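File shown: run-v9.cif. Contents: mmCIF, C-alpha atoms.
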```cif
data_coords
#
loop_
_atom_site.label_atom_id
_atom_site.label_comp_id
_atom_site.auth_asym_id
_atom_site.auth_seq_id
_atom_site.Cartn_x
_atom_site.Cartn_y
_atom_site.Cartn_z
CA MET A 654 37.80 -44.29 31.65
CA THR A 655 41.05 -43.64 29.80
CA ALA A 656 44.18 -45.73 29.42
CA VAL A 657 47.09 -45.37 31.78
CA ALA A 658 50.05 -43.46 30.37
CA PHE A 659 52.33 -45.44 28.09
CA GLU A 660 55.14 -44.83 25.64
CA HIS A 661 54.14 -45.13 21.97
CA THR A 662 56.58 -46.08 19.23
CA ALA A 663 55.92 -46.78 15.55
CA PRO A 664 58.96 -48.37 13.87
CA GLY A 665 59.07 -48.55 10.09
CA THR A 666 60.85 -51.89 9.88
CA VAL A 667 60.56 -55.35 11.41
CA GLU A 668 64.03 -54.90 12.88
CA GLY A 669 62.84 -51.75 14.64
CA VAL A 670 59.87 -53.65 16.05
CA LEU A 671 62.15 -56.39 17.36
CA ARG A 672 64.39 -53.85 19.08
CA ALA A 673 61.37 -52.27 20.74
CA LEU A 674 60.00 -55.64 21.88
CA ASP A 675 63.35 -56.69 23.36
CA ALA A 676 62.83 -54.73 26.57
CA PRO A 677 63.57 -56.81 29.69
CA GLY A 678 61.76 -55.51 32.74
CA ARG A 679 59.17 -53.58 30.72
CA THR A 680 55.72 -54.65 29.53
CA VAL A 681 55.43 -54.17 25.77
CA ALA A 682 52.22 -54.57 23.75
CA PRO A 683 52.23 -54.80 19.94
CA LEU A 684 49.40 -52.83 18.28
CA ALA A 685 48.03 -54.26 15.02
CA GLY A 686 44.50 -53.23 13.97
CA GLY A 687 43.67 -52.06 17.47
CA GLN A 688 40.17 -53.53 17.49
CA SER A 689 40.98 -55.65 20.54
CA LEU A 690 43.89 -53.87 22.21
CA VAL A 691 42.46 -50.34 22.25
CA PRO A 692 39.31 -51.31 24.22
CA LEU A 693 41.49 -53.25 26.66
CA LEU A 694 43.72 -50.20 27.10
CA THR A 695 40.71 -47.94 27.59
CA ARG A 696 39.25 -50.22 30.26
CA ARG A 697 42.72 -50.51 31.85
CA GLU A 698 42.59 -54.29 31.58
CA VAL A 699 46.11 -54.12 30.15
CA ARG A 700 48.71 -51.61 31.34
CA PRO A 701 51.78 -51.75 29.09
CA ASP A 702 54.80 -49.57 29.54
CA VAL A 703 55.25 -49.40 25.77
CA VAL A 704 52.87 -49.85 22.82
CA VAL A 705 54.67 -50.82 19.62
CA ASP A 706 52.56 -49.74 16.66
CA LEU A 707 52.95 -52.15 13.71
CA ASN A 708 50.94 -50.13 11.19
CA ALA A 709 53.94 -48.33 9.69
CA VAL A 710 56.00 -51.50 9.20
CA SER A 711 56.57 -52.44 5.57
CA GLY A 712 56.47 -56.08 4.56
CA LEU A 713 54.06 -57.40 7.21
CA ALA A 714 50.95 -57.39 5.01
CA GLY A 715 50.08 -59.15 1.78
CA ILE A 716 48.77 -62.39 0.32
CA GLY A 717 51.12 -64.62 -1.66
CA ILE A 718 49.65 -67.65 -3.38
CA GLY A 719 52.11 -70.29 -4.49
CA PRO A 720 51.65 -73.73 -6.03
CA VAL A 721 51.96 -75.50 -2.65
CA ARG A 722 51.46 -72.87 0.06
CA VAL A 723 49.63 -69.64 0.71
CA ARG A 724 51.57 -67.06 2.72
CA ILE A 725 49.68 -64.24 4.40
CA GLY A 726 51.31 -61.39 6.29
CA ALA A 727 50.22 -60.85 9.87
CA MET A 728 49.11 -57.26 9.19
CA THR A 729 46.79 -58.25 6.34
CA ARG A 730 43.36 -56.77 7.02
CA LEU A 731 40.40 -59.11 7.28
CA ARG A 732 38.66 -57.10 4.59
CA ASP A 733 41.47 -58.06 2.20
CA LEU A 734 41.05 -61.74 3.07
CA GLU A 735 37.34 -61.40 2.42
CA ARG A 736 37.73 -59.66 -0.94
CA HIS A 737 40.80 -61.31 -2.46
CA ALA A 738 39.47 -63.22 -5.48
CA GLU A 739 42.41 -65.58 -5.89
CA LEU A 740 42.45 -66.43 -2.19
CA ALA A 741 38.71 -67.13 -2.31
CA ALA A 742 39.34 -69.58 -5.16
CA VAL A 743 42.21 -71.39 -3.39
CA LEU A 744 41.13 -71.23 0.28
CA PRO A 745 37.45 -70.30 0.18
CA VAL A 746 36.86 -71.24 3.81
CA LEU A 747 39.37 -68.61 4.96
CA SER A 748 37.66 -65.89 2.96
CA SER A 749 34.21 -66.93 4.14
CA ALA A 750 35.29 -67.08 7.79
CA ALA A 751 36.89 -63.62 7.56
CA ALA A 752 33.63 -62.28 6.15
CA ARG A 753 31.82 -63.47 9.28
CA VAL A 754 33.96 -61.49 11.71
CA ALA A 755 31.99 -58.65 13.32
CA HIS A 756 30.99 -56.03 10.73
CA PRO A 757 32.69 -54.27 7.78
CA HIS A 758 34.10 -51.38 9.83
CA ILE A 759 35.87 -53.82 12.14
CA ARG A 760 37.17 -55.93 9.24
CA ALA A 761 38.60 -52.84 7.57
CA ARG A 762 41.03 -52.43 10.50
CA ALA A 763 41.35 -55.86 12.14
CA THR A 764 44.26 -58.05 11.04
CA LEU A 765 44.84 -61.77 10.70
CA GLY A 766 47.78 -61.74 13.10
CA GLY A 767 45.89 -59.61 15.59
CA SER A 768 42.97 -62.02 15.60
CA LEU A 769 45.27 -64.96 16.27
CA CYS A 770 47.17 -63.17 19.04
CA HIS A 771 44.03 -61.89 20.77
CA ALA A 772 43.03 -65.56 21.09
CA ALA A 773 39.36 -65.08 21.88
CA PRO A 774 37.86 -68.50 22.69
CA GLY A 775 35.07 -68.29 20.09
CA ALA A 776 36.99 -66.48 17.35
CA GLU A 777 36.59 -67.59 13.77
CA LEU A 778 40.09 -67.38 12.32
CA PRO A 779 42.01 -69.36 14.96
CA ALA A 780 39.59 -72.25 14.39
CA VAL A 781 40.04 -72.13 10.62
CA ALA A 782 43.83 -71.84 10.89
CA ALA A 783 43.90 -74.89 13.15
CA ALA A 784 41.60 -76.89 10.88
CA LEU A 785 43.62 -76.10 7.76
CA GLY A 786 46.94 -77.01 9.39
CA ALA A 787 48.46 -73.52 9.13
CA ASP A 788 51.80 -72.59 10.64
CA ILE A 789 52.29 -69.30 12.46
CA VAL A 790 55.66 -67.63 11.93
CA LEU A 791 57.16 -65.74 14.87
CA ARG A 792 60.32 -63.69 14.86
CA SER A 793 62.47 -62.20 17.62
CA ALA A 794 65.87 -60.55 17.56
CA ARG A 795 67.39 -63.99 18.21
CA ARG A 796 65.41 -66.48 16.13
CA VAL A 797 62.63 -67.26 13.68
CA ARG A 798 60.29 -70.15 14.43
CA SER A 799 57.06 -71.68 13.15
CA VAL A 800 54.32 -72.99 15.41
CA PRO A 801 51.35 -75.06 14.22
CA ALA A 802 48.17 -73.05 14.61
CA ALA A 803 46.63 -75.90 16.60
CA ARG A 804 49.30 -75.34 19.28
CA PHE A 805 49.57 -71.55 19.11
CA LEU A 806 46.69 -70.79 21.47
CA THR A 807 47.25 -72.03 25.03
CA GLY A 808 44.14 -70.64 26.70
CA ALA A 809 41.66 -67.80 26.62
CA HIS A 810 43.63 -64.77 25.37
CA THR A 811 46.96 -66.54 25.83
CA THR A 812 49.38 -67.88 23.22
CA VAL A 813 52.89 -69.28 22.94
CA ARG A 814 54.19 -65.92 21.65
CA ALA A 815 57.08 -64.75 23.81
CA PRO A 816 57.16 -61.08 24.88
CA ASP A 817 60.05 -60.32 22.52
CA GLU A 818 58.41 -62.00 19.50
CA VAL A 819 56.16 -60.64 16.79
CA VAL A 820 53.95 -62.72 14.49
CA THR A 821 55.09 -61.97 10.96
CA GLY A 822 52.70 -64.18 9.02
CA LEU A 823 50.85 -67.43 8.50
CA VAL A 824 51.55 -70.22 6.04
CA PHE A 825 48.63 -72.32 4.83
CA PRO A 826 48.97 -75.52 2.81
CA ARG A 827 46.86 -75.40 -0.33
CA GLY A 828 45.12 -78.29 -1.97
CA GLY A 829 44.65 -81.45 0.06
CA GLU A 830 41.90 -84.02 -0.01
CA LEU A 831 39.34 -82.24 2.18
CA ALA A 832 36.87 -79.55 1.13
CA TYR A 833 36.24 -77.14 3.99
CA THR A 834 33.24 -75.06 5.01
CA PHE A 835 32.74 -72.64 7.91
CA HIS A 836 29.61 -72.27 10.02
CA GLU A 837 28.80 -69.97 12.92
CA PHE A 838 26.07 -68.95 15.31
CA ALA A 839 26.51 -65.42 16.64
CA THR A 840 24.62 -63.03 18.87
CA ARG A 841 22.69 -60.36 16.94
CA GLY A 842 23.07 -62.23 13.67
CA ASP A 843 26.12 -62.08 11.43
CA SER A 844 27.57 -58.92 12.99
CA GLY A 845 27.45 -60.12 16.60
CA TYR A 846 29.87 -61.98 18.82
CA PRO A 847 30.26 -65.66 17.95
CA VAL A 848 28.59 -68.10 20.34
CA ALA A 849 30.13 -71.10 18.61
CA CYS A 850 31.89 -71.84 15.31
CA LEU A 851 32.55 -74.94 13.26
CA CYS A 852 35.13 -75.59 10.55
CA LEU A 853 34.25 -78.80 8.74
CA GLY A 854 36.44 -80.61 6.22
CA LEU A 855 35.08 -83.54 4.25
CA ARG A 856 36.22 -85.89 1.53
CA THR A 857 33.31 -87.69 -0.06
CA ALA A 858 32.84 -90.32 -2.76
CA ASP A 859 29.68 -92.01 -4.01
CA GLY A 860 27.60 -90.09 -1.49
CA ALA A 861 29.59 -91.29 1.53
CA ILE A 862 32.06 -89.55 3.84
CA ARG A 863 35.54 -90.99 3.33
CA ALA A 864 37.43 -88.62 5.64
CA ALA A 865 36.44 -85.79 7.99
CA ARG A 866 37.97 -83.07 10.09
CA VAL A 867 35.86 -81.25 12.68
CA VAL A 868 37.19 -78.25 14.60
CA ALA A 869 34.95 -76.30 16.98
CA ALA A 870 35.44 -72.94 18.68
CA GLY A 871 33.53 -71.55 21.63
CA CYS A 872 33.26 -74.81 23.59
CA GLY A 873 36.46 -74.17 25.51
CA PRO A 874 39.37 -71.74 25.78
CA VAL A 875 40.98 -72.92 22.51
CA PRO A 876 39.69 -74.45 19.25
CA LEU A 877 38.94 -78.14 19.69
CA ARG A 878 39.41 -80.87 17.14
CA LEU A 879 36.83 -83.64 17.61
CA PRO A 880 38.42 -86.90 16.43
CA GLY A 881 35.65 -89.03 17.93
CA VAL A 882 33.04 -87.20 15.88
CA GLU A 883 35.27 -87.49 12.80
CA ALA A 884 35.45 -91.27 13.28
CA ARG A 885 31.67 -91.42 13.75
CA LEU A 886 31.10 -89.63 10.43
CA THR A 887 33.62 -91.59 8.37
CA GLY A 888 31.99 -94.24 6.22
CA ARG A 889 28.46 -92.88 6.66
CA PRO A 890 26.32 -91.33 3.92
CA VAL A 891 26.65 -87.56 3.73
CA ALA A 892 22.87 -87.24 3.71
CA GLY A 893 22.51 -89.34 6.84
CA PRO A 894 20.61 -90.12 8.84
CA HIS A 895 23.01 -89.26 11.67
CA PRO A 896 21.24 -90.33 14.87
CA GLY A 897 22.88 -89.16 18.06
CA LEU A 898 25.18 -86.74 16.23
CA VAL A 899 24.46 -83.73 18.44
CA ALA A 900 24.82 -85.84 21.58
CA SER A 901 28.19 -87.16 20.42
CA VAL A 902 29.43 -83.61 19.78
CA VAL A 903 28.29 -82.54 23.24
CA ALA A 904 29.96 -85.55 24.87
CA GLU A 905 33.29 -84.83 23.19
CA ALA A 906 33.33 -81.03 23.04
CA ALA A 907 31.86 -80.40 26.49
CA GLY A 908 33.92 -83.02 28.27
CA GLY A 909 31.34 -85.70 28.90
CA PRO A 910 27.62 -86.42 28.77
CA ARG A 911 26.93 -84.45 31.98
CA PRO A 912 29.46 -81.60 32.18
CA ALA A 913 29.41 -79.28 35.16
CA ASP A 914 29.73 -76.22 32.89
CA GLU A 915 26.24 -75.64 31.49
CA ASP A 916 27.39 -72.80 29.23
CA ARG A 917 30.00 -75.04 27.65
CA GLU A 918 27.38 -77.75 27.19
CA HIS A 919 25.08 -75.25 25.48
CA ARG A 920 27.82 -74.09 23.12
CA ALA A 921 28.74 -77.69 22.31
CA GLU A 922 25.10 -78.37 21.48
CA VAL A 923 25.15 -75.36 19.14
CA VAL A 924 28.20 -76.88 17.41
CA GLY A 925 26.30 -80.15 17.04
CA VAL A 926 23.40 -78.38 15.37
CA LEU A 927 25.79 -76.47 13.11
CA LEU A 928 27.40 -79.77 12.12
CA ALA A 929 24.05 -81.36 11.31
CA ARG A 930 23.14 -78.35 9.16
CA ALA A 931 26.54 -78.38 7.45
CA LEU A 932 26.11 -82.04 6.51
CA ALA A 933 22.63 -81.32 5.14
CA ASP A 934 24.01 -78.44 3.08
CA ARG A 935 26.82 -80.62 1.74
CA ALA A 936 24.36 -83.38 0.84
CA GLY A 937 22.18 -80.88 -0.99
CA THR A 938 25.15 -79.52 -2.90
CA GLU A 939 26.22 -82.98 -4.02
CA GLU A 940 22.69 -83.84 -5.13
CA ARG A 941 22.67 -80.80 -7.41
#
```
Have the structure of the file written as structure tokens, please.
Amino acid sequence: MTAVAFEHTAPGTVEGVLRALDAPGRTVAPLAGGQSLVPLLTRREVRPDVVVDLNAVSGLAGIGIGPVRVRIGAMTRLRDLERHAELAAVLPVLSSAAARVAHPHIRARATLGGSLCHAAPGAELPAVAAALGADIVLRSARRVRSVPAARFLTGAHTTVRAPDEVVTGLVFPRGGELAYTFHEFATRGDSGYPVACLCLGLRTADGAIRAARVVAAGCGPVPLRLPGVEARLTGRPVAGPHPGLVASVVAEAAGGPRPADEDREHRAEVVGVLLARALADRAGTEER
């Protein structure tokens, strides 16, 4: 099967992109790395009138590390997130999560903004962006606005981005009291599709958890923060024991102790196991 006919345009500037996107009455699809859009076009699951290619636009890629914030252009390739030494020192969880996406050939083309806009329910980077409190910057011909990553995704493959807007970048706060780690279970090992992901932030002192942030992906259409699980962990020893931890994750992430959706329950249970393993790893690190 081949894509339906569409008009292709490749502006060289952001302003040119915004003019192309401002097309009332026409369906316009931005093309970033193409790792998600091209298969959808080929299967005719999307049928745009116009495809706006972002790959020739200057100024949409790059990693800028400041004393308070980290700014990353939307067209930054995942491979660059994975390999950027300074980023790995400042936001190691972002680099490690990027390294878990698919396989190297995909990461060489896929972009941070594209991953966020594709909004796959189990995707790694939307979960990390939400956990870290990132802001997503969108621009149209009429305005520039920032949306918290936790509110950017509205459902499976849907976001708050308006048809005339383009994501220009993400802004991450650096520092903070929590140390984050990323954990994932995927089909076919590290290069497969994620079944469930966990981004865990902890602040510990004297072997105990003083603050926690738990964000899961794969248990629903958007990344889920689990405040009940966070409260359960706070004040407990990192090394445990943590009786009932998996059950508490399932109850919160799957919508109750006996959810009707068995697949969601299974994925929530995977998150619970990932969390238990993450706590064991953290305890072992602190002991060393």
Residues in the PyMOL selection byres ((chain A and resi 865-874) around 8), expressed as a ChimeraX atom specification:
/A:773-777,780-781,783-784,807-809,831,847-856,862-864,875-880,882-884,886-887,906-907,917-918,920-921,924
State, in Å with one decimal place, the distance from atom CA of Met654 of chain A to atom CA of Ala755 of chain A.
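Here the two named atoms are 24.0 Å from each other.
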Kindly give the distance, in Å, that separates atom CA of Thr834 of chain A and atom CA of Thr857 of chain A, rounded to a single decimal.
13.6 Å
Protein, DNA and RNA residues within 12 Å of (20.4, -88.5, 9.6), only C-alpha atoms, as a PDB file with C-alpha atoms, in the frame of the given file:
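Now in out-v3.pdb:
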```pdb
ATOM      1  CA  LEU A 886      31.100 -89.630  10.430  1.00  0.00           C
ATOM      2  CA  ARG A 889      28.460 -92.880   6.660  1.00  0.00           C
ATOM      3  CA  PRO A 890      26.320 -91.330   3.920  1.00  0.00           C
ATOM      4  CA  VAL A 891      26.650 -87.560   3.730  1.00  0.00           C
ATOM      5  CA  ALA A 892      22.870 -87.240   3.710  1.00  0.00           C
ATOM      6  CA  GLY A 893      22.510 -89.340   6.840  1.00  0.00           C
ATOM      7  CA  PRO A 894      20.610 -90.120   8.840  1.00  0.00           C
ATOM      8  CA  HIS A 895      23.010 -89.260  11.670  1.00  0.00           C
ATOM      9  CA  PRO A 896      21.240 -90.330  14.870  1.00  0.00           C
ATOM     10  CA  GLY A 897      22.880 -89.160  18.060  1.00  0.00           C
ATOM     11  CA  LEU A 898      25.180 -86.740  16.230  1.00  0.00           C
ATOM     12  CA  VAL A 899      24.460 -83.730  18.440  1.00  0.00           C
ATOM     13  CA  LEU A 928      27.400 -79.770  12.120  1.00  0.00           C
ATOM     14  CA  ALA A 929      24.050 -81.360  11.310  1.00  0.00           C
ATOM     15  CA  ARG A 930      23.140 -78.350   9.160  1.00  0.00           C
ATOM     16  CA  LEU A 932      26.110 -82.040   6.510  1.00  0.00           C
ATOM     17  CA  ALA A 933      22.630 -81.320   5.140  1.00  0.00           C
ATOM     18  CA  ALA A 936      24.360 -83.380   0.840  1.00  0.00           C
TER      19      ALA A 936
END
```
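Among the candidates A:Gly719, A:Pro779, A:Gly881, A:Pro757, the residue lying nearest to Val903 of chain A is A:Gly881 (atoms considered: all atoms listed in the file).
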Tell me which of A:Glu668, A:Glu830, A:Glu735, A:Asp702 sits closest to Val754 of chain A, counting only C-alpha atoms.
A:Glu735
Give as a PDB file with C-alpha atoms, keeping the file's coordinate frame every residue, naming chains and numbers as the document does, that has an atom within 6 Å of (44.8, -59.9, 9.5), counting all atoms listed in the file.
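Heads up, here's the output in result_12.pdb:
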```
ATOM      1  CA  ALA A 727      50.220 -60.850   9.870  1.00  0.00           C
ATOM      2  CA  MET A 728      49.110 -57.260   9.190  1.00  0.00           C
ATOM      3  CA  THR A 729      46.790 -58.250   6.340  1.00  0.00           C
ATOM      4  CA  ARG A 730      43.360 -56.770   7.020  1.00  0.00           C
ATOM      5  CA  LEU A 731      40.400 -59.110   7.280  1.00  0.00           C
ATOM      6  CA  ALA A 763      41.350 -55.860  12.140  1.00  0.00           C
ATOM      7  CA  THR A 764      44.260 -58.050  11.040  1.00  0.00           C
ATOM      8  CA  LEU A 765      44.840 -61.770  10.700  1.00  0.00           C
ATOM      9  CA  GLY A 766      47.780 -61.740  13.100  1.00  0.00           C
TER      10      GLY A 766
END
```
Between A:Val710, A:Thr655, A:Ile718, A:Val691, which one has atoms that come closest to Ala738 of chain A, using only C-alpha atoms?
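Once distances to Ala738 of chain A are computed over only C-alpha atoms, the minimum belongs to A:Ile718.
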